[in-house]
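Visitor: Enclosed is the structure file model.txt (compact mmCIF, C-alpha atoms (C1' of nucleotides)).
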```
# COMPACT_ATOMS: atom_id res chain seq x y z
CA MET A 1 0.00 0.00 0.00
CA GLN A 2 1.50 3.30 -0.98
CA ARG A 3 -1.52 5.57 -0.84
CA PHE A 4 -3.58 6.82 2.04
CA LEU A 5 -6.94 5.11 1.65
CA GLY A 6 -9.99 4.46 3.75
CA ARG A 7 -11.73 5.96 6.71
CA PHE A 8 -10.96 5.35 10.36
CA VAL A 9 -12.13 6.74 13.65
CA ASN A 10 -9.76 6.49 16.61
CA LYS A 11 -9.96 7.71 20.14
CA LEU A 12 -8.18 10.74 21.51
CA ASP A 13 -7.09 9.86 25.04
CA ALA A 14 -6.70 12.05 28.10
CA LYS A 15 -3.11 12.85 27.17
CA GLY A 16 -4.07 14.08 23.71
CA ARG A 17 -2.85 10.97 21.90
CA VAL A 18 -4.40 9.23 18.91
CA SER A 19 -3.40 6.05 17.18
CA VAL A 20 -2.53 6.66 13.56
CA PRO A 21 -4.30 3.98 11.49
CA ALA A 22 -1.87 1.13 10.87
CA GLN A 23 -2.42 1.35 7.13
CA PHE A 24 -1.42 5.00 7.12
CA ARG A 25 1.64 4.24 9.21
CA ASP A 26 2.75 1.73 6.62
CA VAL A 27 2.62 4.37 3.91
CA LEU A 28 4.58 6.81 6.04
CA THR A 29 7.16 4.20 6.90
CA LYS A 30 7.75 3.61 3.21
CA GLN A 31 8.47 7.32 2.88
CA GLY A 32 11.04 7.04 5.62
CA LEU A 33 8.98 8.69 8.35
CA LYS A 34 7.91 7.75 11.84
CA GLY A 35 5.18 10.33 11.79
CA PHE A 36 3.59 12.86 9.48
CA TYR A 37 3.39 16.54 8.68
CA CYS A 38 0.20 18.17 9.84
CA ALA A 39 -1.36 21.50 8.99
CA PRO A 40 -4.71 23.18 9.58
CA SER A 41 -6.84 23.56 6.50
CA ALA A 42 -7.06 27.17 5.40
CA ILE A 43 -10.77 26.99 4.71
CA HIS A 44 -12.25 24.08 6.66
CA PRO A 45 -12.30 23.11 10.30
CA GLY A 46 -10.10 20.16 9.53
CA LEU A 47 -6.47 19.12 9.42
CA THR A 48 -4.32 17.80 6.62
CA GLY A 49 -1.67 15.13 7.09
CA TYR A 50 0.98 14.13 4.60
CA GLY A 51 4.27 12.37 4.23
CA GLU A 52 7.68 13.16 2.91
CA ASP A 53 6.78 12.76 -0.76
CA PHE A 54 4.17 15.45 -0.80
CA PHE A 55 6.07 17.71 1.53
CA ALA A 56 9.34 17.49 -0.36
CA GLU A 57 7.51 18.51 -3.52
CA VAL A 58 6.35 21.72 -1.92
CA ASP A 59 9.74 22.31 -0.41
CA THR A 60 11.47 21.96 -3.75
CA LYS A 61 9.09 24.37 -5.42
CA LEU A 62 9.56 27.01 -2.78
CA LYS A 63 13.32 26.74 -2.86
CA GLN A 64 13.20 28.11 -6.37
CA LEU A 65 11.77 31.36 -5.13
CA ASP A 66 13.73 34.26 -3.75
CA PRO A 67 13.79 33.50 -0.02
CA TYR A 68 13.60 37.19 0.79
CA SER A 69 10.56 37.95 -1.35
CA SER A 70 7.19 38.52 0.20
CA ASP A 71 5.92 35.80 -2.10
CA TYR A 72 8.19 33.30 -0.42
CA ALA A 73 7.24 34.56 3.00
CA ALA A 74 3.55 34.17 2.24
CA ARG A 75 3.86 30.68 0.85
CA ALA A 76 6.37 29.46 3.39
CA THR A 77 4.23 30.73 6.23
CA GLN A 78 1.40 28.53 5.13
CA ALA A 79 3.55 25.61 4.02
CA PHE A 80 5.92 25.55 7.00
CA GLY A 81 5.00 28.07 9.64
CA ASP A 82 1.61 26.57 10.31
CA VAL A 83 2.88 23.01 10.03
CA ASP A 84 4.03 20.61 12.72
CA TYR A 85 5.81 17.34 12.34
CA LEU A 86 4.03 14.85 14.56
CA GLU A 87 6.11 11.82 15.43
CA CYS A 88 4.61 8.51 16.45
CA ASP A 89 5.42 6.96 19.80
CA PRO A 90 6.46 3.28 19.84
CA GLU A 91 2.78 2.30 19.81
CA GLY A 92 2.01 4.27 16.68
CA ARG A 93 0.28 7.20 18.30
CA ILE A 94 0.84 10.91 17.80
CA ARG A 95 0.01 13.74 20.13
CA LEU A 96 -2.27 16.37 18.68
CA PRO A 97 -1.23 19.86 19.84
CA GLU A 98 -3.96 21.94 21.36
CA HIS A 99 -4.09 24.48 18.53
CA PHE A 100 -4.84 21.66 16.08
CA THR A 101 -7.63 20.08 18.10
CA ALA A 102 -9.04 23.58 18.54
CA HIS A 103 -9.03 24.30 14.82
CA ALA A 104 -10.80 21.06 14.00
CA ALA A 105 -13.06 21.16 17.04
CA ILE A 106 -11.78 17.71 17.91
CA GLN A 107 -12.65 16.48 21.36
CA ASP A 108 -12.50 12.79 22.09
CA ARG A 109 -12.39 11.09 18.72
CA VAL A 110 -10.60 11.68 15.42
CA GLN A 111 -11.87 10.86 11.94
CA PHE A 112 -9.11 9.93 9.49
CA VAL A 113 -9.91 10.15 5.78
CA GLY A 114 -7.42 8.90 3.21
CA LEU A 115 -7.18 10.93 -0.01
CA SER A 116 -4.34 9.13 -1.76
CA GLN A 117 -1.42 11.56 -1.54
CA PHE A 118 -2.49 12.92 1.81
CA PHE A 119 -5.18 12.41 4.39
CA GLU A 120 -7.43 14.50 6.55
CA LEU A 121 -8.30 14.61 10.22
CA TRP A 122 -11.75 15.71 11.34
CA ASN A 123 -14.09 15.80 14.20
CA PRO A 124 -16.23 12.71 13.42
CA GLU A 125 -19.34 14.78 13.87
CA THR A 126 -18.21 17.49 11.51
CA TYR A 127 -17.10 15.25 8.72
CA PRO A 128 -20.43 13.89 7.38
CA ALA A 129 -21.57 17.39 6.46
CA ILE A 130 -18.30 18.09 4.68
CA HIS A 131 -18.57 14.80 2.87
CA ALA A 132 -22.12 15.52 1.76
CA GLU A 133 -21.10 18.94 0.56
CA ARG A 134 -18.32 17.47 -1.54
CA VAL A 135 -20.58 14.86 -3.06
CA ALA A 136 -23.07 17.59 -3.90
CA GLU A 137 -20.38 19.56 -5.62
CA LEU A 138 -19.43 16.49 -7.60
CA ARG A 139 -23.01 16.18 -8.78
CA ARG A 140 -23.15 19.80 -9.84
CA ALA A 141 -19.93 19.36 -11.79
CA TYR A 142 -21.26 16.28 -13.56
CA ARG A 143 -24.54 17.91 -14.38
CA ALA A 144 -22.78 20.94 -15.77
CA GLY A 145 -20.70 18.67 -17.92
CA GLY A 146 -23.61 16.52 -19.07
CA ALA A 147 -22.23 13.32 -17.62
CA SER A 148 -24.18 11.10 -15.29
CA MET B 1 13.81 16.54 11.28
CA GLN B 2 15.95 18.65 9.06
CA ARG B 3 13.76 21.69 8.51
CA PHE B 4 12.64 24.50 10.72
CA LEU B 5 8.93 23.88 11.25
CA GLY B 6 6.17 25.14 13.45
CA ARG B 7 5.59 28.02 15.81
CA PHE B 8 6.82 28.49 19.35
CA VAL B 9 6.64 31.25 21.89
CA ASN B 10 9.36 31.37 24.57
CA LYS B 11 10.08 33.76 27.34
CA LEU B 12 12.81 36.37 27.35
CA ASP B 13 14.17 36.52 30.89
CA ALA B 14 15.63 39.40 32.84
CA LYS B 15 19.10 38.65 31.48
CA GLY B 16 17.97 38.82 27.89
CA ARG B 17 18.01 35.06 27.37
CA VAL B 18 15.55 32.95 25.36
CA SER B 19 15.36 29.21 24.95
CA VAL B 20 15.72 28.19 21.33
CA PRO B 21 12.97 25.65 20.61
CA ALA B 22 14.42 22.16 21.01
CA GLN B 23 13.28 21.17 17.52
CA PHE B 24 15.19 24.08 16.02
CA ARG B 25 18.26 23.21 18.07
CA ASP B 26 18.18 19.71 16.61
CA VAL B 27 18.26 21.10 13.08
CA LEU B 28 21.15 23.40 13.93
CA THR B 29 23.07 20.59 15.60
CA LYS B 30 22.79 18.55 12.43
CA GLN B 31 24.38 21.46 10.61
CA GLY B 32 27.23 21.39 13.08
CA LEU B 33 26.20 24.45 15.06
CA LYS B 34 25.58 25.21 18.72
CA GLY B 35 23.69 28.34 17.82
CA PHE B 36 22.44 30.24 14.79
CA TYR B 37 23.08 33.24 12.62
CA CYS B 38 20.71 36.09 13.22
CA ALA B 39 19.97 39.20 11.19
CA PRO B 40 17.30 41.88 11.28
CA SER B 41 14.81 41.79 8.43
CA ALA B 42 15.30 44.68 6.04
CA ILE B 43 11.62 45.43 5.68
CA HIS B 44 9.82 44.02 8.70
CA PRO B 45 10.18 44.48 12.43
CA GLY B 46 11.39 40.93 12.75
CA LEU B 47 14.56 38.86 12.84
CA THR B 48 15.79 36.01 10.68
CA GLY B 49 17.70 33.02 12.01
CA TYR B 50 19.46 30.31 10.04
CA GLY B 51 22.20 27.71 10.03
CA GLU B 52 25.11 26.74 7.80
CA ASP B 53 22.99 25.21 5.06
CA PHE B 54 21.19 28.40 4.25
CA PHE B 55 24.48 30.22 3.92
CA ALA B 56 25.50 27.78 1.24
CA GLU B 57 22.21 28.23 -0.62
CA VAL B 58 22.48 31.98 -0.65
CA ASP B 59 26.13 31.83 -1.57
CA THR B 60 25.38 29.70 -4.58
CA LYS B 61 22.74 32.11 -5.78
CA LEU B 62 24.92 35.14 -5.22
CA LYS B 63 27.68 33.65 -7.29
CA GLN B 64 25.41 33.82 -10.27
CA LEU B 65 25.22 37.58 -10.02
CA ASP B 66 27.71 40.19 -11.12
CA PRO B 67 29.69 40.89 -7.92
CA TYR B 68 30.04 44.55 -8.87
CA SER B 69 26.37 45.18 -9.43
CA SER B 70 24.29 47.07 -6.94
CA ASP B 71 21.95 44.12 -6.92
CA TYR B 72 24.73 41.93 -5.56
CA ALA B 73 25.62 44.46 -2.91
CA ALA B 74 22.04 44.76 -1.81
CA ARG B 75 21.46 41.05 -1.58
CA ALA B 76 24.76 40.33 0.07
CA THR B 77 24.02 42.97 2.65
CA GLN B 78 20.66 41.44 3.30
CA ALA B 79 22.14 37.99 3.69
CA PHE B 80 25.38 38.69 5.47
CA GLY B 81 25.44 42.26 6.69
CA ASP B 82 24.23 42.99 10.21
CA VAL B 83 24.54 39.34 11.10
CA ASP B 84 25.44 38.00 14.53
CA TYR B 85 26.21 34.45 15.46
CA LEU B 86 24.30 33.67 18.63
CA GLU B 87 25.60 30.67 20.52
CA CYS B 88 23.48 28.63 22.87
CA ASP B 89 24.40 28.26 26.51
CA PRO B 90 24.45 24.74 28.02
CA GLU B 91 20.67 24.95 28.52
CA GLY B 92 19.94 25.80 24.91
CA ARG B 93 19.34 29.50 25.33
CA ILE B 94 20.77 32.41 23.39
CA ARG B 95 21.11 35.98 24.45
CA LEU B 96 19.42 38.50 22.19
CA PRO B 97 21.53 41.65 21.77
CA GLU B 98 19.76 44.89 22.46
CA HIS B 99 19.78 46.13 18.87
CA PHE B 100 17.91 42.98 17.82
CA THR B 101 15.22 43.20 20.46
CA ALA B 102 14.86 46.87 19.56
CA HIS B 103 14.43 46.14 15.87
CA ALA B 104 11.74 43.57 16.53
CA ALA B 105 10.17 45.46 19.42
CA ILE B 106 10.65 42.34 21.51
CA GLN B 107 10.07 42.76 25.21
CA ASP B 108 9.39 39.73 27.32
CA ARG B 109 8.46 36.99 24.89
CA VAL B 110 9.73 35.78 21.52
CA GLN B 111 7.69 34.21 18.73
CA PHE B 112 9.65 31.67 16.67
CA VAL B 113 8.30 30.75 13.23
CA GLY B 114 9.89 27.96 11.19
CA LEU B 115 10.08 28.57 7.44
CA SER B 116 11.97 25.45 6.37
CA GLN B 117 15.42 26.77 5.46
CA PHE B 118 15.39 29.49 8.09
CA PHE B 119 13.16 30.81 10.82
CA GLU B 120 11.93 34.13 12.07
CA LEU B 121 11.76 35.80 15.45
CA TRP B 122 8.98 38.24 16.26
CA ASN B 123 7.28 40.06 19.00
CA PRO B 124 4.32 37.71 19.66
CA GLU B 125 1.98 40.67 19.47
CA THR B 126 3.32 41.82 16.14
CA TYR B 127 3.25 38.47 14.43
CA PRO B 128 -0.50 37.86 14.02
CA ALA B 129 -0.82 40.93 11.82
CA ILE B 130 2.12 39.80 9.69
CA HIS B 131 0.61 36.34 9.45
CA ALA B 132 -2.74 37.73 8.35
CA GLU B 133 -1.06 39.92 5.78
CA ARG B 134 0.76 36.95 4.29
CA VAL B 135 -2.34 34.84 4.14
CA ALA B 136 -4.10 37.69 2.39
CA GLU B 137 -1.28 37.88 -0.12
CA LEU B 138 -1.59 34.17 -0.78
CA ARG B 139 -5.28 34.59 -1.49
CA ARG B 140 -4.57 37.39 -3.93
CA ALA B 141 -2.01 35.18 -5.66
CA TYR B 142 -4.51 32.36 -5.96
CA ARG B 143 -7.18 34.63 -7.30
CA ALA B 144 -4.77 36.03 -9.85
CA GLY B 145 -4.54 32.51 -11.20
CA GLY B 146 -1.28 31.56 -9.60
CA ALA B 147 -0.49 27.88 -9.44
CA SER B 148 0.23 26.21 -6.15
C1' DC C 1 36.87 47.71 40.75
C1' DG C 2 32.27 47.72 38.80
C1' DT C 3 29.61 45.81 35.23
C1' DA C 4 28.34 42.48 31.99
C1' DT C 5 28.31 37.84 30.63
C1' DT C 6 28.56 32.98 31.11
C1' DC C 7 28.39 28.80 33.79
C1' DC C 8 26.16 25.83 36.96
C1' DC C 9 22.47 23.94 39.53
C1' DA C 10 17.51 23.72 40.78
C1' DT C 11 12.55 23.12 39.65
C1' DG C 12 8.03 22.08 37.72
C1' DA C 13 5.56 21.00 33.90
C1' DA C 14 5.17 18.84 29.73
C1' DT C 15 6.43 15.06 27.04
C1' DA C 16 7.97 10.52 25.52
C1' DC C 17 8.90 5.81 26.79
C1' DC C 18 7.68 1.44 28.69
C1' DC C 19 4.67 -2.24 29.88
C1' DA C 20 0.00 -4.18 30.16
C1' DT C 21 -4.71 -5.34 28.43
C1' DG C 22 -8.33 -6.82 25.52
C1' DA C 23 -10.79 -6.86 21.31
C1' DG C 24 -10.83 -8.03 16.52
C1' DC C 25 -9.14 -10.44 12.66
C1' DG C 26 -7.10 -13.76 9.84
C1' DC C 27 -4.97 -18.16 9.53
C1' DC C 28 -4.53 -22.85 10.09
C1' DC C 29 -5.94 -27.23 10.89
C1' DA C 30 -8.99 -30.72 11.68
C1' DT D 1 -16.56 -25.63 6.91
C1' DG D 2 -16.41 -24.80 11.69
C1' DG D 3 -13.65 -23.99 15.60
C1' DG D 4 -9.65 -22.59 17.87
C1' DC D 5 -5.27 -20.34 18.10
C1' DG D 6 -2.10 -16.49 17.53
C1' DC D 7 -1.13 -12.08 15.96
C1' DT D 8 -1.87 -7.27 15.18
C1' DC D 9 -3.87 -3.26 16.56
C1' DA D 10 -6.01 0.26 19.42
C1' DT D 11 -6.09 1.73 24.06
C1' DG D 12 -4.81 2.79 29.12
C1' DG D 13 -1.86 4.34 32.54
C1' DG D 14 2.55 4.56 35.37
C1' DT D 15 7.19 6.29 35.18
C1' DA D 16 11.46 8.32 33.43
C1' DT D 17 13.30 12.22 30.60
C1' DT D 18 13.38 16.29 28.36
C1' DC D 19 12.49 20.98 28.18
C1' DA D 20 11.77 25.73 29.40
C1' DT D 21 12.68 28.70 33.03
C1' DG D 22 14.72 30.96 37.24
C1' DG D 23 18.43 32.45 40.05
C1' DG D 24 23.08 32.42 42.34
C1' DA D 25 27.95 32.18 41.75
C1' DA D 26 32.12 32.41 39.07
C1' DT D 27 34.44 34.53 35.35
C1' DA D 28 35.68 37.88 31.86
C1' DC D 29 35.93 42.65 30.46
C1' DG D 30 36.62 47.38 30.45
```
Just dump the structure as structure tokens.
Guide:
Amino acid sequence: MQRFLGRFVNKLDAKGRVSVPAQFRDVLTKQGLKGFYCAPSAIHPGLTGYGEDFFAEVDTKLKQLDPYSSDYAARATQAFGDVDYLECDPEGRIRLPEHFTAHAAIQDRVQFVGLSQFFELWNPETYPAIHAERVAELRRAYRAGGAS
Amino acid sequence: MQRFLGRFVNKLDAKGRVSVPAQFRDVLTKQGLKGFYCAPSAIHPGLTGYGEDFFAEVDTKLKQLDPYSSDYAARATQAFGDVDYLECDPEGRIRLPEHFTAHAAIQDRVQFVGLSQFFELWNPETYPAIHAERVAELRRAYRAGGAS
DNA sequence: CGTATTCCCATGAATACCCATGAGCGCCCA
DNA sequence: TGGGCGCTCATGGGTATTCATGGGAATACG
């Protein structure tokens, strides 16, 4: 398995720890990581997680910019400044910092959603609405294009 | 980890000392340093910190310019002028010289922001506005049709 | 000789490590 | 094909370390 796939709900314990789904851990391991990069979504109350492959791509692109330009500052702030590397403990859990749980309104459970290159983390109660919204958008797009 | 990532706020004590975030220290250690190079930003009330690697990057780029041009002088000044090497004490703290704290209007706390190749130091009260400004710039870039 | 800086030790809180448990699943064998 | 066995995985909690911070003492500097 080399893509993040599937949906999982795991428990956030009293110490702020969550088990990363074993399938996701496998993918990360193959990218040489013991954890993942995590960032708040700019538009949704959710978090994005990704591995070295995706991250390195962004890194490489940004390195081609002038590091003193405001363009670099703006992009790097989002790509790196708001990002944390979350490393798994020996049991395969990560600790979600408080500012992340706050952004996603996560309390005692975490919804993982695999989206191939990366995955998302949601409050399990928030996610269904987001999912429905995305499906609806898909339908609109199909209708506009005449497909079924 | 080999990049400066994430945000941290540490306290500046009565002696002018601040703890460098442990994650940043790790990166610097891997570059063979016990501290970091620090320079005031030319345009913002903030400071820039970086290790050996970034020096090399900038050096390489500068070598592609005409060393007698005013462009070279300007960029070299930005990169290497006004720079101090701040070495950590045994506890991992550095002492911020007065002209640096003055430039960044830093008083009793320091906001560290990792931007991959280097990081920034701000007054924690100043930074949110800068952050917002950068996010706004990103949005403009997206709207203008910029790729990611 | 006074001031500034660095070293050293102390402390509490936050964090990571270690071990233990039990449920779920697949596998194997009869 | 049904039952049982073993393994992996998610989870809990106790304990050791790390980390940020504070302050006193020793050292360097002018």
Visitor: Just the number, please: Cα RMSD of chain A on chain B after least-squares superposition over all C-alpha atoms matched in order.
Guide: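 When all C-alpha atoms are superposed, the deviation is 2.3 Å.
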Visitor: Pull out every residue of chain A that has at least one atom within 12 Å of chain C, counting all atoms listed in the file, and report them as number ranges by chain.
Guide: A: 15-17, 87-91, 93-95, 97
Visitor: Take the residues from that selection and write them out as a PDB file, keeping the file's coordinate frame, keeping C-alpha atoms.
Guide:
```pdb
ATOM      1  CA  LYS A  15      -3.110  12.850  27.170  1.00  0.00           C
ATOM      2  CA  GLY A  16      -4.070  14.080  23.710  1.00  0.00           C
ATOM      3  CA  ARG A  17      -2.850  10.970  21.900  1.00  0.00           C
ATOM      4  CA  GLU A  87       6.110  11.820  15.430  1.00  0.00           C
ATOM      5  CA  CYS A  88       4.610   8.510  16.450  1.00  0.00           C
ATOM      6  CA  ASP A  89       5.420   6.960  19.800  1.00  0.00           C
ATOM      7  CA  PRO A  90       6.460   3.280  19.840  1.00  0.00           C
ATOM      8  CA  GLU A  91       2.780   2.300  19.810  1.00  0.00           C
ATOM      9  CA  ARG A  93       0.280   7.200  18.300  1.00  0.00           C
ATOM     10  CA  ILE A  94       0.840  10.910  17.800  1.00  0.00           C
ATOM     11  CA  ARG A  95       0.010  13.740  20.130  1.00  0.00           C
ATOM     12  CA  PRO A  97      -1.230  19.860  19.840  1.00  0.00           C
TER      13      PRO A  97
END
```
Visitor: Record the distance separating atom CA of B:Val58 and atom CA of A:Asp84, expressed in Å with one decimal.
Guide: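 It comes out at 25.5 Å.
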Visitor: With chain B as the partner and 9 Å as the cut-off, tabulate the residues of chain D that qualify, each row holding the nearest pair of atoms and their distance in Å to one decimal, using all atoms listed in the file, sorted by chain and rising number, as a tab-separated table.
Guide:
```
residue	atom	partner	partner_atom	distance
D:DC19	C1'	B:Ala22	CA	7.5
D:DA20	C1'	B:Ser19	CA	6.7
D:DT21	C1'	B:Lys11	CA	8.0
D:DG22	C1'	B:Asp13	CA	8.5
```
Visitor: Could you write out that same residue set with C-alpha atoms (C1' of nucleotides) as a compact mmCIF listing (two decimals), in the frame of the given file?
Guide:
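Now in out.txt:
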```
# COMPACT_ATOMS: atom_id res chain seq x y z
C1' DC D 19 12.49 20.98 28.18
C1' DA D 20 11.77 25.73 29.40
C1' DT D 21 12.68 28.70 33.03
C1' DG D 22 14.72 30.96 37.24
```
Visitor: Around (-3.5, 10.4, -4.9) in the file's own coordinates, what residues are found within 8 Å if you use all atoms listed in the file, given back as a PyMOL selection string?
Guide: chain A and resi 3-4+115-118
Visitor: Using only C-alpha atoms, determine which residues of chain B fall within 10 Å of chain A; present them as a VMD selection string.
Guide: chain B and resid 1 3 to 8 23 41 to 43 54 57 to 58 61 75 78 to 79 112 to 120 130 to 139 141 148
Visitor: Figure out the distance between atom CA of B:Thr29 and atom CA of A:Glu98, please, to one decimal in Å.
Guide: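 It comes out at 27.7 Å.
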Visitor: Would you compute the distance between atom CA of A:Phe100 and atom C1' of D:DA16? Give it in Å to one decimal.
Guide: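 Rounded to one decimal, the two atoms are 27.3 Å apart.
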Visitor: Show me as a ChimeraX atom specification the residues that reach within 9 Å of (10.6, 44.6, 17.7), counting all atoms listed in the file and using the file's own coordinates.
Guide: /B:45-47,100-107,122-123,126
Visitor: Given 6 Å of margin on each side, can you work out the centre and size in Å (one decimal) of an axis-aligned box holding every listed atom of stretch 15-25 of chain D, as JSON?
Guide:
```
{"center_x": 17.6, "center_y": 19.4, "center_z": 35.3, "size_x": 32.8, "size_y": 38.2, "size_z": 26.2}
```
Visitor: From the list B:Ser69, B:Arg143, B:Tyr127, B:Arg25, which residue is nearest B:Gly49 when using all atoms listed in the file?
Guide: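 Counting all atoms listed in the file, the residue closest to B:Gly49 is B:Arg25.
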Visitor: Hey, could you patch up stretch 25-36 of chain A with N, CA and C atoms and hand it over as a PDB file, in the coordinates of the input?
Guide:
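The resulting file, out.pdb, is shown below:
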```pdb
ATOM      1  N   ARG A  25       0.262   4.325   8.700  1.00  0.00           N
ATOM      2  CA  ARG A  25       1.640   4.240   9.210  1.00  0.00           C
ATOM      3  C   ARG A  25       2.531   3.507   8.220  1.00  0.00           C
ATOM      4  N   ASP A  26       1.974   2.476   7.606  1.00  0.00           N
ATOM      5  CA  ASP A  26       2.750   1.730   6.620  1.00  0.00           C
ATOM      6  C   ASP A  26       3.209   2.635   5.482  1.00  0.00           C
ATOM      7  N   VAL A  27       2.286   3.454   5.008  1.00  0.00           N
ATOM      8  CA  VAL A  27       2.620   4.370   3.910  1.00  0.00           C
ATOM      9  C   VAL A  27       3.733   5.320   4.343  1.00  0.00           C
ATOM     10  N   LEU A  28       3.578   5.860   5.538  1.00  0.00           N
ATOM     11  CA  LEU A  28       4.580   6.810   6.040  1.00  0.00           C
ATOM     12  C   LEU A  28       5.935   6.149   6.203  1.00  0.00           C
ATOM     13  N   THR A  29       5.914   4.937   6.713  1.00  0.00           N
ATOM     14  CA  THR A  29       7.160   4.200   6.900  1.00  0.00           C
ATOM     15  C   THR A  29       7.901   4.048   5.576  1.00  0.00           C
ATOM     16  N   LYS A  30       7.129   3.776   4.526  1.00  0.00           N
ATOM     17  CA  LYS A  30       7.750   3.610   3.210  1.00  0.00           C
ATOM     18  C   LYS A  30       8.322   4.918   2.681  1.00  0.00           C
ATOM     19  N   GLN A  31       7.909   6.027   3.283  1.00  0.00           N
ATOM     20  CA  GLN A  31       8.470   7.320   2.880  1.00  0.00           C
ATOM     21  C   GLN A  31       9.573   7.727   3.857  1.00  0.00           C
ATOM     22  N   GLY A  32       9.923   6.787   4.716  1.00  0.00           N
ATOM     23  CA  GLY A  32      11.040   7.040   5.620  1.00  0.00           C
ATOM     24  C   GLY A  32      10.687   7.859   6.846  1.00  0.00           C
ATOM     25  N   LEU A  33       9.409   7.875   7.210  1.00  0.00           N
ATOM     26  CA  LEU A  33       8.980   8.690   8.350  1.00  0.00           C
ATOM     27  C   LEU A  33       8.441   7.836   9.484  1.00  0.00           C
ATOM     28  N   LYS A  34       8.545   8.370  10.686  1.00  0.00           N
ATOM     29  CA  LYS A  34       7.910   7.750  11.840  1.00  0.00           C
ATOM     30  C   LYS A  34       6.724   8.571  12.287  1.00  0.00           C
ATOM     31  N   GLY A  35       6.308   9.480  11.446  1.00  0.00           N
ATOM     32  CA  GLY A  35       5.180  10.330  11.790  1.00  0.00           C
ATOM     33  C   GLY A  35       4.706  11.019  10.534  1.00  0.00           C
ATOM     34  N   PHE A  36       4.047  12.145  10.674  1.00  0.00           N
ATOM     35  CA  PHE A  36       3.590  12.860   9.480  1.00  0.00           C
ATOM     36  C   PHE A  36       3.552  14.353   9.704  1.00  0.00           C
TER      37      PHE A  36
END
```
